[in-house]
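These notes concern the structure reproduced below.
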Amino acid sequence: MFAWKSASRIRAVERPSIREKGAKVYEIEGPLFFSSTDSFLELFKPEQDPEVIIIDFARSKVIDQSALKAIEDIADKYNSFGKKVKLRHLTRDCHRLLSRAGQLVVDSDDDPDYGIAVDYDVKLGIFGR
């Protein structure tokens, strides 16, 4: 029930970028994890968007590997249209894990600090790395 309710809370506020002329900002609101990735992917319009979009996670948390995969999928989709994706307000964990993808530009001036769940240890009842 929690996962379903959380999935329905993810949304994006769209606005023009103040810092980067001609770019569009998607301000993500709500947690991004396995149950919200489909809703997250539906927020974007690569065919209609400008050459550069900025995805801002200041009001969101990237919680698991599924979320990272969804971010990479969005970047791939925009890349297929010859467009660039920049990411803002991601944690160091996200930077490290996404840097393996190679195609994402991460704008990291004031990023938050929290961990990404990679594995769940049933015996200990905790998420590991």
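All residue names refer to the structure tokens as shown: chains lettered A, B, ... in order, residues numbered from 1 in each chain, ligands numbered from 1 in order.
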**Item:** Test item, strand (DSSP E or B) assignment across range 14-112 of chain A, answer as a PyMOL selection string
**Value:** chain A and resi 14-16+24-32+52-62+64+84-88+105-107
Keeping only C-alpha atoms, take the residues you just selected and write them out as a compact mmCIF listing (two decimals), in the first residue's frame.
# COMPACT_ATOMS: atom_id res chain seq x y z
CA GLU A 14 8.05 22.64 -15.23
CA ARG A 15 9.60 26.09 -15.67
CA PRO A 16 12.17 27.88 -17.81
CA LYS A 24 13.76 23.86 -19.28
CA VAL A 25 13.73 22.74 -15.64
CA TYR A 26 11.74 19.81 -14.31
CA GLU A 27 11.52 20.16 -10.52
CA ILE A 28 10.75 16.65 -9.27
CA GLU A 29 8.56 16.29 -6.19
CA GLY A 30 8.14 13.01 -4.30
CA PRO A 31 10.26 9.90 -3.80
CA LEU A 32 11.74 8.14 -6.82
CA VAL A 52 18.81 21.18 -22.75
CA ILE A 53 16.67 20.09 -19.83
CA ILE A 54 17.57 20.23 -16.16
CA ILE A 55 16.08 17.69 -13.77
CA ASP A 56 16.14 19.10 -10.25
CA PHE A 57 15.78 16.63 -7.36
CA ALA A 58 15.79 19.19 -4.50
CA ARG A 59 12.25 18.11 -3.49
CA SER A 60 12.76 14.43 -4.22
CA LYS A 61 14.83 11.51 -3.00
CA VAL A 62 16.40 8.92 -5.25
CA ASP A 64 17.07 2.70 -5.08
CA LYS A 84 21.23 17.01 -23.24
CA VAL A 85 20.09 16.27 -19.67
CA LYS A 86 21.61 17.99 -16.64
CA LEU A 87 20.89 16.79 -13.11
CA ARG A 88 20.74 18.91 -9.97
CA VAL A 105 25.95 15.98 -16.89
CA VAL A 106 25.57 16.57 -13.16
CA ASP A 107 25.33 20.14 -11.91
| said: Set the distance at 10 Å and use only C-alpha atoms: which residues neighbour Ile71 in chain A once local chain neighbours fewer than 2 positions away are removed? I'd like the list as a PyMOL selection string. | reply: chain A and resi 32+37+40-41+55+62+65-69+73-77+85+87+98+104
Shortest interatomic distance to Phe34 in chain A - which of A:Pro46, A:Ser17, A:Leu97, A:Ile63, counting only C-alpha atoms: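 Smallest distance to Phe34 in chain A is found for A:Ile63.
For the pair CA of Lys83 in chain A and CA of Glu51 in chain A, the interatomic distance is 4.7 Å.
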Could you find all residues in range 10-93 of chain A that DSSP calls helix (DSSP H, G or I) from the backbone, and write them as number ranges by chain? A: 37-41, 65-80, 92-93
